[in-house]
$ cat input26.txt   # compact mmCIF, C-alpha atoms and all ligand atoms
# COMPACT_ATOMS: atom_id res chain seq x y z
CA MET A 274 -17.65 -23.67 22.56
CA PHE A 275 -15.05 -26.14 21.32
CA LEU A 276 -16.92 -26.37 18.03
CA LEU A 277 -16.91 -22.59 17.66
CA ALA A 278 -13.17 -22.45 18.38
CA LEU A 279 -12.60 -25.15 15.79
CA ILE A 280 -14.67 -23.29 13.18
CA VAL A 281 -12.78 -20.05 13.83
CA ALA A 282 -9.43 -21.87 13.66
CA LEU A 283 -10.44 -23.44 10.36
CA CYS A 284 -11.61 -20.11 8.96
CA VAL A 285 -8.39 -18.39 9.98
CA SER A 286 -6.23 -21.09 8.45
CA ILE A 287 -8.23 -21.11 5.20
CA SER A 288 -7.92 -17.34 5.03
CA VAL A 289 -4.15 -17.45 5.65
CA VAL A 290 -3.76 -19.98 2.85
CA VAL A 291 -5.80 -17.82 0.45
CA VAL A 292 -3.82 -14.66 1.22
CA THR A 293 -0.51 -16.55 1.05
CA GLN A 294 -1.45 -17.86 -2.38
CA LEU A 295 -2.46 -14.37 -3.49
CA ARG A 296 0.88 -12.94 -2.49
CA ARG A 297 2.83 -15.64 -4.29
CA ASP A 298 1.20 -14.71 -7.58
CA PRO A 299 3.36 -11.93 -8.97
CA SER A 300 1.32 -11.57 -12.15
CA TRP A 301 -1.32 -9.32 -10.60
CA TYR A 302 -0.70 -8.68 -6.92
CA LYS A 303 1.83 -5.95 -7.58
CA HIS A 304 -1.02 -4.01 -9.23
CA ALA A 305 -3.25 -4.32 -6.16
CA LYS A 306 -3.10 -2.39 -2.89
CA PHE A 307 -2.83 -4.33 0.36
CA ARG A 308 -2.24 -1.35 2.65
CA CYS A 309 -2.60 2.44 2.74
CA SER A 310 -0.01 4.60 1.02
CA ILE A 311 -0.02 7.05 3.94
CA PRO A 312 1.40 6.17 7.37
CA ASN A 313 -0.51 5.42 10.55
CA ALA A 314 -3.93 5.07 8.91
CA LEU A 315 -6.73 2.55 9.01
CA ALA A 316 -9.37 2.10 6.32
CA ILE A 317 -12.36 0.15 7.63
CA THR A 318 -14.02 -1.62 4.72
CA PHE A 319 -17.22 -3.64 4.37
CA ASP A 320 -17.91 -6.10 1.54
CA ASP A 321 -20.94 -7.91 0.11
CA GLY A 322 -23.62 -5.40 1.17
CA PRO A 323 -25.81 -3.61 1.54
CA GLY A 324 -26.98 -6.17 4.06
CA ARG A 325 -28.50 -6.76 7.46
CA SER A 326 -25.97 -4.64 9.38
CA THR A 327 -25.39 -1.80 6.92
CA GLY A 328 -27.88 0.66 8.42
CA GLU A 329 -26.64 0.39 11.99
CA ILE A 330 -23.01 0.51 10.84
CA ILE A 331 -23.63 3.75 8.91
CA ASP A 332 -25.34 5.22 11.99
CA LYS A 333 -22.49 4.19 14.27
CA LEU A 334 -19.76 5.49 11.95
CA ASP A 335 -21.66 8.77 11.61
CA ALA A 336 -22.04 9.07 15.39
CA LEU A 337 -18.31 8.48 15.80
CA GLY A 338 -17.38 10.90 13.02
CA VAL A 339 -15.59 8.14 11.08
CA LYS A 340 -15.75 7.51 7.32
CA GLY A 341 -15.76 3.93 6.07
CA THR A 342 -15.76 2.28 2.67
CA PHE A 343 -18.46 -0.05 1.38
CA PHE A 344 -17.56 -2.45 -1.45
CA VAL A 345 -21.08 -3.17 -2.69
CA ASN A 346 -22.64 -5.78 -4.94
CA GLY A 347 -25.54 -5.21 -7.32
CA ARG A 348 -27.35 -8.52 -7.31
CA THR A 349 -26.55 -11.50 -5.07
CA ALA A 350 -28.42 -13.84 -2.74
CA THR A 351 -28.15 -11.24 0.02
CA THR A 352 -28.45 -7.94 -1.81
CA ASP A 353 -30.32 -6.41 -4.73
CA MET A 354 -29.51 -2.82 -5.66
CA THR A 355 -32.72 -2.45 -7.66
CA ARG A 356 -34.80 -2.75 -4.46
CA PRO A 357 -35.68 0.71 -3.12
CA GLN A 358 -34.70 -0.17 0.48
CA THR A 359 -31.29 -1.41 -0.66
CA ALA A 360 -30.68 1.59 -2.87
CA ALA A 361 -31.70 3.87 0.00
CA LEU A 362 -28.99 2.38 2.22
CA VAL A 363 -26.33 2.97 -0.41
CA ARG A 364 -27.54 6.52 -0.98
CA ARG A 365 -27.50 7.20 2.77
CA ALA A 366 -23.93 5.91 3.09
CA PHE A 367 -22.87 8.00 0.10
CA GLU A 368 -24.57 11.15 1.37
CA SER A 369 -22.95 10.69 4.79
CA GLY A 370 -19.56 10.81 3.10
CA HIS A 371 -18.69 7.12 3.24
CA GLN A 372 -17.05 5.78 0.11
CA ILE A 373 -19.02 3.49 -2.18
CA ALA A 374 -16.79 1.11 -4.12
CA SER A 375 -17.36 -1.85 -6.43
CA HIS A 376 -17.40 -5.50 -5.41
CA THR A 377 -18.80 -6.41 -8.87
CA LEU A 378 -22.41 -7.00 -9.90
CA THR A 379 -22.94 -10.61 -8.83
CA HIS A 380 -19.85 -11.58 -6.78
CA ARG A 381 -18.56 -14.23 -9.19
CA ASP A 382 -15.00 -15.51 -8.93
CA LEU A 383 -13.28 -13.34 -11.55
CA THR A 384 -10.60 -15.97 -12.20
CA THR A 385 -13.30 -18.10 -13.87
CA LEU A 386 -14.50 -15.39 -16.27
CA ASN A 387 -13.38 -14.25 -19.71
CA ALA A 388 -12.62 -10.60 -20.51
CA THR A 389 -16.17 -9.78 -21.63
CA GLU A 390 -17.67 -11.32 -18.50
CA VAL A 391 -15.28 -9.43 -16.22
CA ARG A 392 -16.12 -6.19 -18.02
CA ASP A 393 -19.85 -6.92 -17.65
CA GLU A 394 -19.46 -7.57 -13.91
CA MET A 395 -17.86 -4.14 -13.53
CA LEU A 396 -19.98 -2.09 -15.93
CA HIS A 397 -23.32 -3.61 -14.95
CA LEU A 398 -22.69 -2.70 -11.32
CA GLU A 399 -21.99 0.86 -12.48
CA GLU A 400 -25.32 0.84 -14.32
CA VAL A 401 -27.32 -0.05 -11.21
CA LEU A 402 -25.25 2.25 -8.97
CA TYR A 403 -25.29 5.36 -11.13
CA PRO A 404 -29.02 6.08 -10.68
CA VAL A 405 -28.55 5.71 -6.92
CA ILE A 406 -25.52 7.95 -6.27
CA GLY A 407 -24.96 9.77 -9.57
CA MET A 408 -21.34 8.59 -9.66
CA ARG A 409 -19.28 5.67 -10.89
CA PRO A 410 -16.89 4.12 -8.35
CA ARG A 411 -13.17 4.06 -9.18
CA TYR A 412 -12.14 1.60 -6.47
CA MET A 413 -12.93 -2.11 -6.51
CA ARG A 414 -12.23 -5.29 -4.59
CA PRO A 415 -12.39 -8.64 -6.39
CA PRO A 416 -14.78 -11.16 -4.78
CA TYR A 417 -12.91 -13.69 -2.58
CA GLY A 418 -9.76 -11.59 -3.12
CA ARG A 419 -9.26 -13.63 -6.30
CA LEU A 420 -8.04 -12.22 -9.58
CA SER A 421 -6.38 -13.39 -12.77
CA ASP A 422 -3.95 -11.28 -14.72
CA LEU A 423 -6.56 -11.12 -17.49
CA ALA A 424 -9.20 -9.79 -15.07
CA ARG A 425 -6.67 -7.36 -13.62
CA ARG A 426 -5.96 -5.90 -17.07
CA VAL A 427 -9.67 -5.52 -17.87
CA ILE A 428 -10.35 -3.83 -14.53
CA GLN A 429 -7.40 -1.44 -14.80
CA ALA A 430 -8.39 -0.56 -18.38
CA LEU A 431 -11.68 0.61 -16.86
CA ASP A 432 -9.60 2.88 -14.61
CA TYR A 433 -10.21 1.10 -11.31
CA GLN A 434 -7.88 0.89 -8.31
CA ILE A 435 -7.75 -2.71 -7.07
CA ILE A 436 -7.92 -2.99 -3.29
CA ILE A 437 -7.23 -6.10 -1.21
CA TRP A 438 -6.56 -5.96 2.59
CA ASN A 439 -3.96 -6.64 5.24
CA ILE A 440 -6.33 -7.33 8.13
CA ASP A 441 -8.82 -10.11 7.48
CA THR A 442 -11.28 -10.19 10.37
CA ASN A 443 -12.79 -13.52 9.23
CA ASP A 444 -16.15 -12.18 10.35
CA TRP A 445 -17.94 -14.41 7.84
CA CYS A 446 -17.00 -17.37 10.04
CA VAL A 447 -18.93 -16.21 13.09
CA LYS A 448 -22.70 -16.15 12.81
CA HIS A 449 -23.78 -15.18 16.31
CA PRO A 450 -24.13 -11.44 17.00
CA HIS A 451 -22.27 -11.73 20.31
CA ASP A 452 -19.25 -13.55 18.95
CA SER A 453 -17.21 -10.80 17.34
CA ASP A 454 -14.24 -11.31 19.71
CA ALA A 455 -12.35 -13.40 17.16
CA SER A 456 -12.78 -10.72 14.49
CA PHE A 457 -11.65 -7.98 16.86
CA GLU A 458 -8.61 -10.07 17.82
CA GLN A 459 -7.41 -9.90 14.21
CA TYR A 460 -6.97 -6.14 14.65
CA VAL A 461 -5.09 -6.62 17.91
CA LYS A 462 -2.82 -9.24 16.36
CA ALA A 463 -2.11 -7.26 13.18
CA MET A 464 -1.31 -4.05 15.02
CA ALA A 465 0.85 -5.80 17.63
CA GLN A 466 2.99 -7.40 14.92
CA ALA A 467 3.41 -4.28 12.75
CA PRO A 468 5.62 -1.19 13.15
CA ARG A 469 4.12 1.61 15.22
CA ASP A 470 3.21 3.81 12.23
CA ALA A 471 1.91 0.93 10.06
CA SER A 472 -1.25 1.37 8.01
CA PHE A 473 -4.05 -1.07 7.49
CA ILE A 474 -6.93 -1.95 5.23
CA ALA A 475 -9.35 -4.08 7.25
CA LEU A 476 -11.88 -6.41 5.68
CA GLN A 477 -15.28 -7.18 7.16
CA HIS A 478 -18.75 -7.84 5.78
CA ASP A 479 -21.90 -5.86 6.58
CA VAL A 480 -24.05 -8.91 5.89
CA HIS A 481 -23.04 -10.83 9.03
CA PRO A 482 -24.66 -10.36 12.44
CA ALA A 483 -21.40 -10.15 14.37
CA THR A 484 -20.30 -7.18 12.25
CA ASN A 485 -22.64 -4.70 13.87
CA ALA A 486 -22.65 -1.28 15.55
CA ALA A 487 -21.15 -2.55 18.80
CA TYR A 488 -18.31 -4.26 16.94
CA VAL A 489 -17.58 -1.13 14.90
CA GLU A 490 -17.53 1.00 18.04
CA ARG A 491 -15.01 -1.35 19.63
CA VAL A 492 -12.76 -1.39 16.57
CA VAL A 493 -12.83 2.40 16.20
CA ALA A 494 -12.01 2.93 19.89
CA TYR A 495 -9.11 0.49 19.68
CA ALA A 496 -7.69 2.00 16.50
CA LYS A 497 -7.96 5.54 17.83
CA ALA A 498 -6.24 4.52 21.07
CA ALA A 499 -3.46 3.04 18.92
CA GLY A 500 -3.09 6.44 17.25
CA LYS A 501 -4.50 5.42 13.87
CA ARG A 502 -6.23 7.91 11.60
CA LEU A 503 -9.45 6.39 10.28
CA VAL A 504 -9.83 7.08 6.60
CA ARG A 505 -11.75 6.26 3.44
CA MET A 506 -10.07 4.22 0.71
CA ASP A 507 -9.22 7.26 -1.43
CA GLU A 508 -7.54 8.95 1.57
CA CYS A 509 -5.84 5.66 2.43
CA MET A 510 -4.33 5.68 -1.05
CA GLY A 511 -3.08 9.23 -0.50
CA ALA A 512 -5.47 10.40 -3.23
CA PRO A 513 -8.53 12.07 -1.69
CA GLY A 514 -11.16 12.97 -4.27
CA THR A 515 -10.44 9.98 -6.52
CA ALA A 516 -13.27 7.76 -5.25
CA TYR A 517 -15.57 8.39 -8.21
CA ALA A 518 -15.96 9.43 -11.80
CA SER A 519 -19.01 11.58 -12.44
CA GLN A 520 -19.60 10.49 -16.05
ZN ZN A 601 -17.21 -10.57 -1.12
$ encode --input "input26.txt" --output "structure tokens" --more "lines below"
Ligand SMILES: [Zn+2]
Amino acid sequence: MFLLALIVALCVSISVVVVTQLRRDPSWYKHAKFRCSIPNALAITFDDGPGRSTGEIIDKLDALGVKGTFFVNGRTATTDMTRPQTAALVRRAFESGHQIASHTLTHRDLTTLNATEVRDEMLHLEEVLYPVIGMRPRYMRPPYGRLSDLARRVIQALDYQIIIWNIDTNDWCVKHPHDSDASFEQYVKAMAQAPRDASFIALQHDVHPATNAAYVERVVAYAKAAGKRLVRMDECMGAPGTAYASQ
């Protein structure tokens, strides 16, 4: 128990440091979105999938009548978009009205890449995604929330909206399916500290066991009780219908 608390504390402090560093870098962060443009909204987002929890999360969101956003990868240790089962999950999320967005092809740290490599990470994901959903995403989140000004310029030249977050659930720190309390507490803390009509973009990962249907149900119930409207990323940006390009 003590060990778990220590791990969570470490994860939270690492995450705070990362976000603090991000926000001190004026060269690109002013081009990225950390919160919704509309008031009183919450965009629930999932990175790094499709993964072990994606199917049950889609089912739960559908049952609750809530649309989420999935920032997907094309080829990593945990996901491979060329596998039929993986592609089927993405197609199911898309057809249910959830937003599919880019988290790059292979989840490399974009600050370490040159312009051609950044472009490849973006365009090669589009190439594997297009046969699956017939669209090209127009929203992206850089892996690890890390970006250089060079990468930012390449990504914006490809006409992408860059999305970060203002609630980090740190769900990647907790491996046991019954230990999502710490992730849920990040919602409670963020909403308690913010103005009543504040909006949020919440980060979690559909590749971790604690980020499952029960967790999503709890988060949705809490957010609704707090009066939040649960939205996709394009709605969160006040620009519904801008999630994709069809060509
Ligand atoms: Zn990621």
$ residues_near_ligand --input "input26.txt" --ligand "ligand ZN 601 (chain A)" --cutoff "6 Å" --atoms "all atoms listed in the file" --output "PyMOL selection string"
chain A and resi 320-321+416-417
$ closest_atom_pairs --input "input26.txt" --of "range 281-393 of chain A" --to "range 477-482 of chain A" --cutoff "10 Å" --atoms "all atoms listed in the file" --output "JSON lines"
{"residue": "A:Ile317", "atom": "CA", "partner": "A:Gln477", "partner_atom": "CA", "distance": 7.9}
{"residue": "A:Thr318", "atom": "CA", "partner": "A:Gln477", "partner_atom": "CA", "distance": 6.2}
{"residue": "A:Phe319", "atom": "CA", "partner": "A:His478", "partner_atom": "CA", "distance": 4.7}
{"residue": "A:Asp320", "atom": "CA", "partner": "A:His478", "partner_atom": "CA", "distance": 4.7}
{"residue": "A:Asp321", "atom": "CA", "partner": "A:His478", "partner_atom": "CA", "distance": 6.1}
{"residue": "A:Gly322", "atom": "CA", "partner": "A:Asp479", "partner_atom": "CA", "distance": 5.7}
{"residue": "A:Pro323", "atom": "CA", "partner": "A:Asp479", "partner_atom": "CA", "distance": 6.8}
{"residue": "A:Gly324", "atom": "CA", "partner": "A:Val480", "partner_atom": "CA", "distance": 4.4}
{"residue": "A:Arg325", "atom": "CA", "partner": "A:Val480", "partner_atom": "CA", "distance": 5.2}
{"residue": "A:Ser326", "atom": "CA", "partner": "A:Asp479", "partner_atom": "CA", "distance": 5.1}
{"residue": "A:Thr327", "atom": "CA", "partner": "A:Asp479", "partner_atom": "CA", "distance": 5.4}
{"residue": "A:Gly328", "atom": "CA", "partner": "A:Asp479", "partner_atom": "CA", "distance": 9.0}
{"residue": "A:Glu329", "atom": "CA", "partner": "A:Asp479", "partner_atom": "CA", "distance": 9.5}
{"residue": "A:Ile330", "atom": "CA", "partner": "A:Asp479", "partner_atom": "CA", "distance": 7.7}
{"residue": "A:Phe343", "atom": "CA", "partner": "A:Asp479", "partner_atom": "CA", "distance": 8.5}
{"residue": "A:Phe344", "atom": "CA", "partner": "A:His478", "partner_atom": "CA", "distance": 9.1}
{"residue": "A:Val345", "atom": "CA", "partner": "A:Asp479", "partner_atom": "CA", "distance": 9.7}
{"residue": "A:Thr351", "atom": "CA", "partner": "A:Val480", "partner_atom": "CA", "distance": 7.5}
{"residue": "A:Thr352", "atom": "CA", "partner": "A:Val480", "partner_atom": "CA", "distance": 8.9}
$ residues_around --input "input26.txt" --residues "range 383-389 of chain A" --least-positions-apart "6" --cutoff "8 Å" --atoms "only C-alpha atoms" --output "ChimeraX atom specification"
/A:415-416,419-421,423-424,427
$ atom_distance --input "input26.txt" --atom1 "CA of Met408 in chain A" --atom2 "CA of Lys303 in chain A"
27.4 Å
$ closest_residue --input "input26.txt" --among "A:Thr442, A:Lys497, A:Met354, A:Ile428" --to "Glu400 in chain A" --atoms "all atoms listed in the file"
A:Met354
$ closest_residue --input "input26.txt" --among "A:Tyr495, A:Tyr460, A:Tyr412, A:Phe367" --to "Ala305 in chain A" --atoms "only C-alpha atoms"
A:Tyr412
$ atom_distance --input "input26.txt" --atom1 "CA of Leu334 in chain A" --atom2 "CA of Asp470 in chain A"
23.0 Å
$ residues_near_point --input "input26.txt" --point "(-3.5, -6.4, 19.6)" --cutoff "12 Å" --atoms "all atoms listed in the file" --output "PyMOL selection string"
chain A and resi 440+454-467+469+492+495-496+498-499
$ atom_distance --input "input26.txt" --atom1 "CA of Glu394 in chain A" --atom2 "CA of His376 in chain A"
9.0 Å
$ closest_residue --input "input26.txt" --among "A:Ser472, A:Val493, A:Met506, A:Ser519" --to "Asn313 in chain A" --atoms "only C-alpha atoms"
A:Ser472
$ closest_residue --input "input26.txt" --among "A:Met413, A:Ala361, A:Ala471, A:Ala518" --to "Gly500 in chain A" --atoms "only C-alpha atoms"
A:Ala471
$ closest_residue --input "input26.txt" --among "A:Ala314, A:Val401, A:Val504, A:Glu490" --to "Thr342 in chain A" --atoms "all atoms listed in the file"
A:Val504
$ closest_residue --input "input26.txt" --among "A:Lys333, A:Val405, A:Leu476, A:Tyr488" --to "Trp445 in chain A" --atoms "all atoms listed in the file"
A:Leu476
$ axis_aligned_box --input "input26.txt" --around "range 401-410 of chain A" --padding-each-side "8 Å" --output "AutoDock Vina command-line options"
--center_x -23.0 --center_y 4.9 --center_z -8.7 --size_x 28.1 --size_y 25.8 --size_z 20.9
